file target.cif (mmCIF, C-alpha atoms)
data_entry
loop_
_atom_site.label_atom_id
_atom_site.label_comp_id
_atom_site.auth_asym_id
_atom_site.auth_seq_id
_atom_site.Cartn_x
_atom_site.Cartn_y
_atom_site.Cartn_z
CA MET A 6 0.00 0.00 0.00
CA LYS A 7 2.87 2.33 0.87
CA LYS A 8 4.42 1.62 -2.54
CA ARG A 9 1.17 2.55 -4.28
CA LEU A 10 0.80 5.77 -2.40
CA GLY A 11 4.42 6.54 -3.17
CA PHE A 12 3.78 5.99 -6.86
CA ILE A 13 0.84 8.40 -6.87
CA PHE A 14 2.93 10.94 -4.98
CA CYS A 15 5.75 10.57 -7.50
CA CYS A 16 3.31 11.03 -10.39
CA VAL A 17 1.98 14.23 -8.89
CA ILE A 18 5.47 15.56 -8.08
CA LEU A 19 6.69 14.72 -11.59
CA ASN A 20 3.69 16.39 -13.14
CA VAL A 21 4.09 19.53 -11.08
CA SER A 22 7.86 19.79 -11.54
CA TRP A 23 7.61 19.19 -15.29
CA SER A 24 4.96 21.89 -15.59
CA ASN A 25 7.00 24.32 -13.51
CA ALA A 26 10.12 23.58 -15.52
CA SER A 27 8.25 24.27 -18.75
CA ALA A 28 6.88 27.53 -17.37
CA GLN A 29 10.37 28.52 -16.16
CA GLN A 30 11.82 27.83 -19.59
CA GLU A 31 9.24 30.14 -21.08
CA ILE A 32 10.19 32.94 -18.69
CA ASN A 33 13.92 32.59 -19.30
CA LEU A 34 13.52 32.61 -23.03
CA ALA A 35 11.34 35.69 -22.94
CA ASP A 36 14.48 37.83 -23.19
CA ASN A 37 15.06 36.63 -26.72
CA PRO A 38 11.86 37.05 -28.71
CA LYS A 39 12.94 34.80 -31.57
CA LEU A 40 14.05 31.94 -29.34
CA SER A 41 11.04 32.46 -27.10
CA HIS A 42 8.68 32.28 -30.03
CA GLU A 43 10.29 29.11 -31.39
CA ALA A 44 10.30 27.43 -27.98
CA GLU A 45 6.73 28.46 -27.37
CA GLU A 46 5.67 27.07 -30.71
CA LYS A 47 7.51 23.82 -30.11
CA GLN A 48 6.21 23.47 -26.56
CA GLY A 49 2.76 24.59 -27.59
CA SER A 50 2.55 22.17 -30.46
CA LEU A 51 3.64 19.28 -28.23
CA LEU A 52 1.22 20.07 -25.44
CA LEU A 53 -1.62 20.92 -27.71
CA TYR A 54 -1.14 17.87 -29.88
CA PRO A 55 -3.73 15.73 -28.01
CA PHE A 56 -6.32 18.50 -28.40
CA LYS A 57 -5.54 18.90 -32.09
CA LEU A 58 -5.74 15.15 -32.50
CA TYR A 59 -9.12 15.13 -30.76
CA ARG A 60 -10.44 18.00 -32.88
CA ASP A 61 -9.14 16.63 -36.18
CA TYR A 62 -10.02 12.96 -35.82
CA ILE A 63 -12.55 12.43 -33.04
CA SER A 64 -14.67 15.56 -32.86
CA SER A 65 -14.84 15.92 -36.64
CA ALA A 66 -16.21 12.36 -36.90
CA ASP A 67 -18.26 12.45 -33.73
CA GLY A 68 -19.80 15.84 -34.40
CA ASP A 69 -19.45 19.21 -32.73
CA ARG A 70 -21.90 19.21 -29.84
CA CYS A 71 -20.23 21.42 -27.26
CA PRO A 72 -22.83 23.93 -26.03
CA MET A 73 -20.15 26.40 -25.01
CA TYR A 74 -18.24 28.98 -26.98
CA PRO A 75 -15.33 28.57 -27.38
CA THR A 76 -15.67 24.80 -27.38
CA CYS A 77 -14.02 22.86 -24.58
CA SER A 78 -11.08 21.75 -26.74
CA GLN A 79 -10.48 25.30 -27.93
CA TYR A 80 -10.85 26.58 -24.37
CA CYS A 81 -8.24 24.08 -23.13
CA MET A 82 -5.83 25.09 -25.88
CA ASP A 83 -6.35 28.76 -25.07
CA ALA A 84 -5.88 28.13 -21.35
CA ILE A 85 -2.64 26.18 -21.87
CA LYS A 86 -1.33 28.81 -24.26
CA LYS A 87 -2.15 31.60 -21.85
CA HIS A 88 -1.29 30.08 -18.47
CA GLY A 89 1.09 27.23 -19.20
CA PRO A 90 0.53 23.49 -18.77
CA LEU A 91 -0.30 23.25 -15.06
CA THR A 92 -2.89 26.01 -14.70
CA GLY A 93 -4.07 25.31 -18.23
CA TRP A 94 -4.78 21.69 -17.35
CA ILE A 95 -6.58 22.70 -14.15
CA MET A 96 -8.72 25.25 -15.99
CA CYS A 97 -9.42 22.66 -18.66
CA SER A 98 -10.63 20.15 -16.04
CA ASP A 99 -12.80 22.82 -14.44
CA ARG A 100 -14.34 23.67 -17.80
CA LEU A 101 -15.10 20.01 -18.56
CA MET A 102 -17.02 19.78 -15.29
CA ARG A 103 -18.97 22.97 -15.96
CA CYS A 104 -19.68 22.36 -19.65
CA GLY A 105 -23.38 22.56 -20.47
CA ARG A 106 -24.62 22.82 -16.90
CA ASP A 107 -25.10 25.85 -14.63
CA GLU A 108 -22.92 28.02 -16.84
CA THR A 109 -25.55 27.92 -19.60
CA HIS A 110 -27.97 30.03 -17.59
CA LEU A 111 -25.37 32.14 -15.80
CA SER A 112 -23.23 33.35 -18.70
CA ALA A 113 -24.24 35.38 -21.73
CA PRO A 114 -25.60 33.53 -24.75
CA VAL A 115 -23.97 33.81 -28.15
CA TRP A 116 -25.36 32.67 -31.49
CA ILE A 117 -23.00 30.67 -33.72
CA ASN A 118 -24.34 29.47 -37.08
CA GLY A 119 -27.88 29.89 -35.82
CA GLU A 120 -27.25 27.81 -32.70
CA LYS A 121 -27.30 29.16 -29.18
CA HIS A 122 -24.07 28.69 -27.26
CA THR A 123 -22.85 29.90 -23.90
CA TYR A 124 -20.06 32.43 -24.03
CA ASP A 125 -17.34 31.33 -21.67
CA PRO A 126 -13.84 32.30 -22.82
CA VAL A 127 -10.68 31.93 -20.73
CA SER A 128 -10.86 35.62 -19.82
CA ASN A 129 -14.16 34.95 -18.01
CA ASN A 130 -12.39 32.51 -15.72
CA ASP A 131 -9.07 34.15 -15.01
CA PHE A 132 -10.10 37.79 -14.57
CA TRP A 133 -9.67 37.60 -10.81
CA ARG A 134 -6.03 36.56 -11.12
CA GLN A 135 -5.00 39.67 -13.05
CA MET B 4 36.33 66.03 -91.18
CA ARG B 5 36.52 69.43 -92.69
CA ILE B 6 33.75 68.57 -95.16
CA ARG B 7 31.47 67.47 -92.28
CA ASN B 8 32.07 70.74 -90.44
CA ILE B 9 31.19 72.72 -93.54
CA CYS B 10 27.91 70.77 -93.93
CA PHE B 11 26.99 71.30 -90.28
CA GLY B 12 27.73 75.02 -90.56
CA SER B 13 25.57 75.41 -93.63
CA GLN B 14 22.69 73.56 -91.93
CA LEU B 15 23.00 75.82 -88.93
CA ILE B 16 22.94 78.91 -91.16
CA VAL B 17 19.66 77.74 -92.68
CA LEU B 18 17.96 76.56 -89.49
CA VAL B 19 18.65 79.58 -87.28
CA PRO B 20 16.95 82.12 -89.58
CA LEU B 21 14.10 79.69 -90.07
CA PHE B 22 13.63 79.44 -86.31
CA PHE B 23 13.50 83.20 -85.89
CA LEU B 24 11.20 83.45 -88.87
CA PHE B 25 8.65 81.18 -87.26
CA ILE B 26 8.63 82.81 -83.86
CA PRO B 27 6.31 85.73 -84.76
CA PHE B 28 4.27 83.41 -86.92
CA SER B 29 3.69 80.96 -84.09
CA LYS B 30 2.96 83.81 -81.72
CA SER B 31 0.35 85.15 -84.06
CA PHE B 32 -1.13 81.69 -84.21
CA ALA B 33 -1.31 81.46 -80.46
CA GLY B 34 -2.65 84.96 -80.31
CA SER B 35 -5.22 84.25 -82.96
CA GLU B 36 -6.82 81.59 -80.79
CA THR B 37 -10.03 82.70 -79.18
CA PRO B 38 -9.40 83.20 -75.51
CA PRO B 39 -10.71 80.22 -73.57
CA ASP B 40 -13.88 80.78 -71.66
CA ARG B 41 -12.88 81.57 -68.15
CA LYS B 42 -14.99 79.34 -66.00
CA PRO B 43 -15.69 80.81 -62.64
CA SER B 44 -13.22 79.05 -60.29
CA VAL B 45 -14.49 77.87 -56.91
CA MET B 46 -12.99 79.91 -54.16
CA ILE B 47 -13.04 78.02 -50.91
CA THR B 48 -13.53 80.38 -48.06
CA PRO B 49 -13.11 79.39 -44.42
CA ASP B 50 -16.87 79.54 -44.00
CA LYS B 51 -17.52 77.21 -46.93
CA GLN B 52 -14.92 74.72 -45.83
CA PHE B 53 -16.08 74.70 -42.22
CA ASN B 54 -19.75 74.47 -43.14
CA TYR B 55 -19.01 71.60 -45.51
CA ALA B 56 -17.27 69.70 -42.72
CA GLU B 57 -20.11 70.49 -40.32
CA ASN B 58 -22.62 69.30 -42.88
CA LEU B 59 -20.78 66.00 -43.28
CA PHE B 60 -20.62 65.59 -39.53
CA SER B 61 -24.32 66.25 -39.08
CA ASN B 62 -25.03 63.69 -41.82
CA ASN B 63 -23.02 61.11 -39.89
CA ASP B 64 -20.34 60.87 -42.57
CA TYR B 65 -17.67 60.93 -39.91
CA SER B 66 -14.67 59.70 -41.87
CA THR B 67 -15.05 62.41 -44.54
CA ALA B 68 -15.94 64.97 -41.90
CA ALA B 69 -12.71 64.27 -40.04
CA MET B 70 -10.76 64.78 -43.26
CA GLU B 71 -12.54 68.04 -44.06
CA TYR B 72 -12.01 69.39 -40.57
CA LYS B 73 -8.34 68.60 -40.97
CA ARG B 74 -8.30 70.37 -44.33
CA PHE B 75 -9.88 73.38 -42.67
CA ILE B 76 -7.21 73.41 -39.97
CA TYR B 77 -4.46 73.11 -42.56
CA PHE B 78 -5.65 75.83 -44.93
CA PHE B 79 -7.03 78.27 -42.39
CA PRO B 80 -4.83 77.91 -39.32
CA GLU B 81 -5.54 81.47 -38.24
CA ASP B 82 -9.30 81.04 -38.19
CA LYS B 83 -10.93 81.30 -34.79
CA ARG B 84 -12.84 78.05 -35.40
CA VAL B 85 -9.69 75.93 -35.57
CA GLU B 86 -10.14 74.82 -31.99
CA ARG B 87 -13.66 73.66 -32.66
CA ALA B 88 -12.49 71.94 -35.85
CA MET B 89 -9.89 70.06 -33.83
CA TYR B 90 -12.50 69.01 -31.33
CA GLN B 91 -14.88 67.96 -34.08
CA THR B 92 -12.08 65.91 -35.70
CA GLY B 93 -11.68 63.98 -32.49
CA LEU B 94 -15.42 63.61 -32.18
CA SER B 95 -15.65 62.28 -35.74
CA TYR B 96 -13.07 59.62 -34.95
CA TYR B 97 -14.91 58.87 -31.72
CA HIS B 98 -18.18 58.27 -33.56
CA GLN B 99 -16.41 56.13 -36.14
CA GLY B 100 -15.09 53.97 -33.35
CA ASP B 101 -11.47 54.84 -34.13
CA PHE B 102 -10.70 55.46 -30.48
CA LYS B 103 -6.94 55.72 -30.83
CA ALA B 104 -7.20 58.46 -33.45
CA ALA B 105 -9.86 60.15 -31.30
CA VAL B 106 -7.59 60.22 -28.26
CA ASP B 107 -4.73 61.55 -30.41
CA SER B 108 -6.91 64.36 -31.78
CA PHE B 109 -8.30 65.34 -28.39
CA GLN B 110 -4.84 65.15 -26.86
CA LYS B 111 -3.46 67.46 -29.55
CA LEU B 112 -6.15 69.97 -28.71
CA VAL B 113 -5.44 69.65 -24.99
CA ASP B 114 -1.73 70.19 -25.60
CA GLU B 115 -2.30 73.31 -27.69
CA TYR B 116 -5.06 74.94 -25.68
CA ALA B 117 -4.63 74.37 -22.00
CA ASP B 118 -7.74 75.53 -20.17
CA THR B 119 -10.26 76.48 -22.83
CA ASP B 120 -13.80 75.09 -23.08
CA TYR B 121 -12.93 72.76 -25.90
CA ALA B 122 -9.81 71.58 -24.11
CA ILE B 123 -11.93 70.74 -21.07
CA LYS B 124 -14.46 68.95 -23.23
CA SER B 125 -11.57 67.08 -24.80
CA TYR B 126 -10.34 65.97 -21.39
CA PHE B 127 -13.77 64.55 -20.63
CA LYS B 128 -13.97 62.88 -24.02
CA ILE B 129 -10.54 61.29 -23.55
CA SER B 130 -11.70 59.82 -20.26
CA GLU B 131 -14.87 58.55 -21.96
CA VAL B 132 -12.79 56.86 -24.64
CA TYR B 133 -10.61 55.21 -22.01
CA MET B 134 -13.75 54.05 -20.22
CA LYS B 135 -14.97 52.48 -23.43
CA LEU B 136 -11.62 50.77 -23.83
CA LYS B 137 -11.86 49.59 -20.21
CA ALA B 138 -8.60 51.43 -19.50
CA LEU B 139 -9.92 52.81 -16.24
CA ASP B 140 -6.48 53.73 -14.89
CA SER B 141 -5.79 55.93 -17.90
CA ALA B 142 -9.21 57.57 -17.49
CA ILE B 143 -8.39 58.33 -13.84
CA ILE B 144 -5.00 59.83 -14.72
CA ASN B 145 -6.57 61.98 -17.42
CA LEU B 146 -9.24 63.37 -15.10
CA ASN B 147 -6.71 64.04 -12.37
CA ASN B 148 -4.66 65.99 -14.92
CA LEU B 149 -7.74 68.05 -15.70
CA ILE B 150 -8.26 68.79 -12.01
CA VAL B 151 -4.71 70.10 -11.83
CA VAL B 152 -5.00 72.19 -15.00
CA THR B 153 -8.41 73.78 -14.58
CA HIS B 154 -9.27 76.77 -12.45
CA ASP B 155 -13.00 76.39 -12.90
CA ARG B 156 -14.73 75.02 -9.82
CA ASP B 157 -17.60 73.54 -11.84
CA VAL B 158 -15.25 71.68 -14.14
CA ARG B 159 -13.33 70.35 -11.19
CA ASP B 160 -16.57 69.16 -9.61
CA GLU B 161 -17.56 67.37 -12.77
CA ALA B 162 -14.15 65.70 -12.88
CA TYR B 163 -14.60 64.59 -9.26
CA TYR B 164 -18.04 63.25 -10.08
CA ARG B 165 -16.73 61.27 -13.04
CA LEU B 166 -13.79 59.99 -11.00
CA GLY B 167 -16.19 58.86 -8.30
CA TRP B 168 -18.13 56.85 -10.83
CA ILE B 169 -15.00 55.29 -12.28
CA TYR B 170 -14.08 54.06 -8.81
CA LEU B 171 -17.60 52.73 -8.34
CA GLU B 172 -17.16 50.81 -11.60
CA MET B 173 -14.09 49.27 -10.03
CA ALA B 174 -16.15 48.43 -6.94
CA SER B 175 -13.87 50.73 -4.91
CA TRP B 176 -16.77 52.13 -2.93
CA GLU B 177 -14.69 54.12 -0.45
CA LYS B 178 -12.60 55.80 -3.14
CA GLY B 179 -15.80 56.65 -4.96
CA ARG B 180 -17.26 58.22 -1.84
CA GLN B 181 -14.05 60.19 -1.30
CA TYR B 182 -14.26 61.78 -4.73
CA PHE B 183 -17.96 62.56 -4.38
CA SER B 184 -17.24 64.26 -1.07
CA LYS B 185 -14.77 66.61 -2.82
CA ILE B 186 -17.56 68.15 -4.87
CA SER B 187 -18.27 71.71 -3.72
CA ASP B 188 -21.41 72.46 -1.72
CA LYS B 189 -22.92 74.57 -4.44
CA ASN B 190 -22.94 71.61 -6.86
CA LYS B 191 -24.03 68.93 -4.41
CA ASP B 192 -27.68 69.27 -5.35
CA LYS B 193 -26.89 69.33 -9.03
CA TYR B 194 -25.19 65.95 -8.78
CA ARG B 195 -27.86 64.59 -6.43
CA LEU B 196 -25.20 63.55 -3.99
CA GLU B 197 -27.57 63.04 -1.09
CA LYS B 198 -29.58 60.50 -3.02
CA LEU B 199 -26.40 58.92 -4.37
CA ALA B 200 -24.94 58.55 -0.88
CA ALA B 201 -28.15 56.92 0.35
CA GLU B 202 -28.20 54.47 -2.55
CA LEU B 203 -24.51 53.80 -2.18
CA GLU B 204 -25.09 52.71 1.40
CA LYS B 205 -26.94 49.69 0.01
CA GLU B 206 -23.60 48.49 -1.34
CA LYS B 207 -23.14 46.68 1.96
CA LEU B 208 -26.19 44.60 1.15
CA ILE B 209 -24.80 43.22 -2.11
CA PRO B 210 -24.74 39.45 -1.67
CA GLN B 211 -21.17 38.23 -1.81
CA LYS B 212 -19.48 34.84 -1.74
CA ASN B 213 -16.09 34.40 -0.18
CA PRO B 214 -13.73 32.92 -2.80
CA LYS B 215 -11.36 31.60 -0.14
CA LEU B 216 -14.18 29.82 1.62
CA ALA B 217 -15.36 28.41 -1.72
CA GLY B 218 -11.87 27.07 -2.35
CA PHE B 219 -11.61 25.64 1.15
CA LEU B 220 -14.99 23.95 0.91
CA SER B 221 -13.90 22.31 -2.34
CA VAL B 222 -11.72 19.97 -0.31
CA ILE B 223 -14.91 17.95 -0.50
CA PRO B 224 -15.40 17.84 -4.29
CA GLY B 225 -18.40 19.90 -5.35
CA ALA B 226 -18.96 21.62 -2.00
CA GLY B 227 -17.42 24.84 -3.30
CA TYR B 228 -19.75 24.87 -6.29
CA LEU B 229 -22.63 24.17 -3.94
CA TYR B 230 -21.66 27.22 -1.88
CA THR B 231 -21.68 29.40 -5.01
CA GLU B 232 -25.17 28.15 -5.90
CA ARG B 233 -24.09 25.99 -8.82
CA TYR B 234 -25.93 22.84 -7.91
CA ARG B 235 -25.52 20.84 -11.09
CA ASP B 236 -21.82 21.67 -11.31
CA ALA B 237 -21.50 20.56 -7.69
CA LEU B 238 -23.11 17.20 -8.39
CA ILE B 239 -20.95 16.56 -11.46
CA ALA B 240 -17.77 17.63 -9.65
CA PHE B 241 -18.60 15.28 -6.80
CA LEU B 242 -19.38 12.34 -9.09
CA ILE B 243 -16.40 12.77 -11.41
CA ASN B 244 -13.90 13.30 -8.62
CA GLY B 245 -15.39 10.51 -6.55
CA ALA B 246 -15.28 8.14 -9.50
CA LEU B 247 -11.71 9.03 -10.44
CA ILE B 248 -10.43 8.73 -6.87
CA TYR B 249 -12.21 5.43 -6.42
CA ALA B 250 -10.99 4.11 -9.79
CA ALA B 251 -7.40 5.12 -9.07
CA TYR B 252 -7.58 3.49 -5.65
CA GLU B 253 -9.03 0.28 -7.09
CA SER B 254 -6.41 0.17 -9.83
CA PHE B 255 -3.55 0.42 -7.38
CA ASP B 256 -5.29 -2.05 -5.12
CA SER B 257 -5.63 -4.57 -7.91
CA GLU B 258 -1.91 -4.34 -8.75
CA ASN B 259 -2.39 -2.16 -11.81
CA PRO B 260 -0.13 0.81 -11.08
CA ALA B 261 0.04 2.06 -14.70
CA LEU B 262 -3.71 2.53 -14.92
CA GLY B 263 -3.76 3.82 -11.36
CA GLY B 264 -1.08 6.38 -12.15
CA LEU B 265 -2.92 7.56 -15.23
CA LEU B 266 -6.19 7.86 -13.31
CA ALA B 267 -4.42 9.64 -10.47
CA PHE B 268 -2.89 12.08 -12.95
CA VAL B 269 -6.30 12.85 -14.46
CA GLY B 270 -7.92 12.85 -11.02
CA VAL B 271 -5.46 15.39 -9.63
CA GLY B 272 -6.31 17.71 -12.53
CA PHE B 273 -10.03 17.39 -11.91
CA TYR B 274 -9.66 17.79 -8.17
CA ALA B 275 -7.61 20.96 -8.62
CA GLY B 276 -10.09 22.06 -11.30
CA ASN B 277 -12.91 21.63 -8.80
CA ILE B 278 -11.11 23.99 -6.38
CA TYR B 279 -10.18 26.48 -9.09
CA GLY B 280 -13.71 26.40 -10.48
CA ALA B 281 -15.26 27.05 -7.07
CA VAL B 282 -12.98 30.05 -6.46
CA THR B 283 -13.73 31.42 -9.94
CA SER B 284 -17.45 30.83 -9.43
CA ALA B 285 -17.36 32.89 -6.23
CA HIS B 286 -15.61 35.73 -8.08
CA LYS B 287 -18.09 35.48 -10.94
CA TYR B 288 -20.98 35.54 -8.49
CA ASN B 289 -19.60 38.67 -6.81
CA ARG B 290 -18.93 40.36 -10.14
CA LYS B 291 -22.43 39.65 -11.34
CA LYS B 292 -24.11 40.90 -8.18
CA THR B 293 -21.93 44.00 -8.09
CA GLY B 294 -22.67 44.65 -11.75
CA LEU B 295 -26.41 44.41 -11.13
CA PHE B 296 -26.14 46.79 -8.20
CA LEU B 297 -24.15 49.28 -10.27
CA GLU B 298 -26.61 49.10 -13.13
CA ARG B 299 -29.46 49.92 -10.78
CA LEU B 300 -27.45 52.66 -9.16
CA LYS B 301 -26.68 54.21 -12.54
CA ASP B 302 -30.28 54.00 -13.62
CA ASN B 303 -31.49 55.61 -10.42
CA VAL B 304 -29.00 58.32 -9.58
CA LYS B 305 -26.34 58.78 -12.25
CA ILE B 306 -26.59 62.03 -14.12
CA ASN B 307 -25.83 61.92 -17.80
CA LEU B 308 -23.31 64.66 -18.28
CA SER B 309 -23.11 66.47 -21.55
CA ALA B 310 -21.07 69.63 -21.31
CA ASP B 311 -22.36 72.42 -23.49
CA VAL B 312 -19.46 74.62 -24.36
CA LYS B 313 -21.42 77.61 -25.62
CA ASN B 314 -23.62 77.92 -22.60
CA LYS B 315 -20.95 76.63 -20.27
CA GLY B 316 -23.39 74.44 -18.46
CA VAL B 317 -24.30 70.83 -18.06
CA CYS B 318 -27.31 69.10 -19.47
CA LEU B 319 -28.85 66.88 -16.85
CA SER B 320 -31.14 63.98 -17.28
CA PHE B 321 -32.15 61.37 -14.78
CA GLN B 322 -34.62 58.62 -14.36
CA PHE B 323 -35.68 56.27 -11.61
CA VAL B 324 -36.15 52.55 -12.02
CA PHE B 325 -38.54 50.94 -9.54
#
call {"tool": "encode", "arguments": {"input": "target.cif", "output": "structure tokens"}}
result
Amino acid sequence: MKKRLGFIFCCVILNVSWSNASAQQEINLADNPKLSHEAEEKQGSLLLYPFKLYRDYISSADGDRCPMYPTCSQYCMDAIKKHGPLTGWIMCSDRLMRCGRDETHLSAPVWINGEKHTYDPVSNNDFWRQ
Amino acid sequence: MRIRNICFGSQLIVLVPLFFLFIPFSKSFAGSETPPDRKPSVMITPDKQFNYAENLFSNNDYSTAAMEYKRFIYFFPEDKRVERAMYQTGLSYYHQGDFKAAVDSFQKLVDEYADTDYAIKSYFKISEVYMKLKALDSAIINLNNLIVVTHDRDVRDEAYYRLGWIYLEMASWEKGRQYFSKISDKNKDKYRLEKLAAELEKEKLIPQKNPKLAGFLSVIPGAGYLYTERYRDALIAFLINGALIYAAYESFDSENPALGGLLAFVGVGFYAGNIYGAVTSAHKYNRKKTGLFLERLKDNVKINLSADVKNKGVCLSFQFVF
């Protein structure tokens, strides 16, 4: 049992340290815009790959049914781009739990291609941190 | 070589007299032409140019109006209406929605004419543009500059009034009250400060949720959402987190650490998301309630200010929503 708990702990620590290291790299590279941009693109493309994969191959076949705008996948990509992997992943999880429930009658509606969606961009969920 | 020179010389001897011979002839030809009808040329006077720009402005053709006002300023820089033309240029950009150009135009006017009526109006317009752009700090700085520059008590009072409202927009109630209290006694009735103060007291009754408490309650998945009155989110957060924690536990228990690790990784994200979401929900709740309060306050007691330069007064209008 101790081994199992240790494994979970290691997973969490690894996850957190990897995320922090990535965020740190971003900060250090910010001095050089060219390098920063390249690193950001590389990091971004790697982290966002699962979302792109989902959008290109699963969602396109399964159909776009997300009642929110931007859609959850887009929201997650935006959150990761804006806040880095750790906070981005947390915001993404939060959004997945809120999708299509109370938010639909609390946030402003927006009409996309004649369909009613709930407007819930990243800026609506990080305003208090700025 | 010599032969060529002789030829050239003889050609020159022939051509030069011919040239002089044709000069009077060509002149007579040109002179013989009937003089062209002199069409009456349009003489643009300052009045015509200014009225044209004003006409465009009143017909809502703001982009052309801005250009014509600029033309007026360029060609008639000594005209006494240049200041108004500068103001109208800014106003044209403002109505077009080109806020940056509007601020630049108003700022130019403010820089050239320090404490004139149009300069004061420009200060107010700049702050309005910043408000539209949600750059509240810039609006505050601009109005404070006006307070320093102006010697007119009424203008200063209006600036205080606007500053008070900007702070109310930021939910800085005390700062708002401070600025309202700086308004001189003679203008207190004009700005309905007594009524405003009474309504502002209700600020304490705005229902608020404590974000820290929401976050703390989320230790039990969903409890934070429940606190912020998001019942369905609370149920889903509880079920998802419960299921993930249970699944991770079972996986480790049944000697499947890879699956357990994966589930734990996902579970940690959702658990943290449940806390983050609860805190955000509390902030959203507060923002919404504050916004509703402000809307009602504006409807009930805010005076729509529209400075009239000619009459040097303010146009007041107010309504009450029951």
call {"tool": "closest_atom_pairs", "arguments": {"input": "target.cif", "of": "chain B", "to": "chain A", "cutoff": "6 Å", "atoms": "all atoms listed in the file", "output": "JSON lines"}}
result
{"residue": "B:Arg233", "atom": "CA", "partner": "A:Asp107", "partner_atom": "CA", "distance": 5.9}
{"residue": "B:Asp236", "atom": "CA", "partner": "A:Arg103", "partner_atom": "CA", "distance": 5.6}
{"residue": "B:Gly264", "atom": "CA", "partner": "A:Ile13", "partner_atom": "CA", "distance": 6.0}
{"residue": "B:Gly272", "atom": "CA", "partner": "A:Ile95", "partner_atom": "CA", "distance": 5.3}
{"residue": "B:Phe273", "atom": "CA", "partner": "A:Ser98", "partner_atom": "CA", "distance": 5.0}
{"residue": "B:Ala275", "atom": "CA", "partner": "A:Ile95", "partner_atom": "CA", "distance": 5.9}
{"residue": "B:Gly276", "atom": "CA", "partner": "A:Asp99", "partner_atom": "CA", "distance": 4.2}
{"residue": "B:Asn277", "atom": "CA", "partner": "A:Asp99", "partner_atom": "CA", "distance": 5.8}
{"residue": "B:Gly280", "atom": "CA", "partner": "A:Asp99", "partner_atom": "CA", "distance": 5.4}
call {"tool": "write_last_selection", "arguments": {"input": "target.cif", "atoms": "C-alpha atoms", "output": "compact mmCIF listing (two decimals), keeping the file's coordinate frame"}}
result
# COMPACT_ATOMS: atom_id res chain seq x y z
CA ARG B 233 -24.09 25.99 -8.82
CA ASP B 236 -21.82 21.67 -11.31
CA GLY B 264 -1.08 6.38 -12.15
CA GLY B 272 -6.31 17.71 -12.53
CA PHE B 273 -10.03 17.39 -11.91
CA ALA B 275 -7.61 20.96 -8.62
CA GLY B 276 -10.09 22.06 -11.30
CA ASN B 277 -12.91 21.63 -8.80
CA GLY B 280 -13.71 26.40 -10.48
call {"tool": "atom_distance", "arguments": {"input": "target.cif", "atom1": "CA of Glu172 in chain B", "atom2": "CA of Tyr194 in chain B"}}
result
17.4 Å
call {"tool": "resolve_selection", "arguments": {"input": "target.cif", "expression": "the PyMOL selection byres ((chain B and resi 179) around 10)", "output": "PyMOL selection string"}}
result
chain B and resi 163-178+180-184+203
call {"tool": "resolve_selection", "arguments": {"input": "target.cif", "expression": "the PyMOL selection byres ((chain B and resi 223) around 10)", "output": "NGL selection string"}}
result
:B and (218-222 or 224-227 or 240-241 or 244-245 or 274 or 277-278)
call {"tool": "write_last_selection", "arguments": {"input": "target.cif", "atoms": "C-alpha atoms", "output": "PDB file, in the coordinates of the input"}}
result
ATOM      1  CA  GLY B 218     -11.870  27.070  -2.350  1.00  0.00           C
ATOM      2  CA  PHE B 219     -11.610  25.640   1.150  1.00  0.00           C
ATOM      3  CA  LEU B 220     -14.990  23.950   0.910  1.00  0.00           C
ATOM      4  CA  SER B 221     -13.900  22.310  -2.340  1.00  0.00           C
ATOM      5  CA  VAL B 222     -11.720  19.970  -0.310  1.00  0.00           C
ATOM      6  CA  PRO B 224     -15.400  17.840  -4.290  1.00  0.00           C
ATOM      7  CA  GLY B 225     -18.400  19.900  -5.350  1.00  0.00           C
ATOM      8  CA  ALA B 226     -18.960  21.620  -2.000  1.00  0.00           C
ATOM      9  CA  GLY B 227     -17.420  24.840  -3.300  1.00  0.00           C
ATOM     10  CA  ALA B 240     -17.770  17.630  -9.650  1.00  0.00           C
ATOM     11  CA  PHE B 241     -18.600  15.280  -6.800  1.00  0.00           C
ATOM     12  CA  ASN B 244     -13.900  13.300  -8.620  1.00  0.00           C
ATOM     13  CA  GLY B 245     -15.390  10.510  -6.550  1.00  0.00           C
ATOM     14  CA  TYR B 274      -9.660  17.790  -8.170  1.00  0.00           C
ATOM     15  CA  ASN B 277     -12.910  21.630  -8.800  1.00  0.00           C
ATOM     16  CA  ILE B 278     -11.110  23.990  -6.380  1.00  0.00           C
TER      17      ILE B 278
END
call {"tool": "resolve_selection", "arguments": {"input": "target.cif", "expression": "the PyMOL selection byres ((chain B and resi 162) around 12)", "output": "MDAnalysis selection string"}}
result
chainID B and resid 123:124 126:128 130:131 142:153 155:161 163:169 182:183 185:187 194 308 310
call {"tool": "residues_around", "arguments": {"input": "target.cif", "residues": "range 117-124 of chain A", "least_positions_apart": "6", "cutoff": "6 Å", "atoms": "all atoms listed in the file", "output": "list in words"}}
result
Pro72, Met73, Tyr74 and Thr109 of chain A
call {"tool": "atom_distance", "arguments": {"input": "target.cif", "atom1": "CA of Cys81 in chain A", "atom2": "CA of Phe56 in chain A"}}
result
7.9 Å
call {"tool": "residues_around", "arguments": {"input": "target.cif", "residues": "Thr293 in chain B", "least_positions_apart": "4", "cutoff": "9 Å", "atoms": "only C-alpha atoms", "output": "list in words"}}
result
Ala174, Glu206, Ile209, Pro210, Gln211, Tyr288, Asn289, Leu297 and Glu298 of chain B
call {"tool": "atom_distance", "arguments": {"input": "target.cif", "atom1": "CA of Thr231 in chain B", "atom2": "CA of Leu216 in chain B"}}
result
10.0 Å
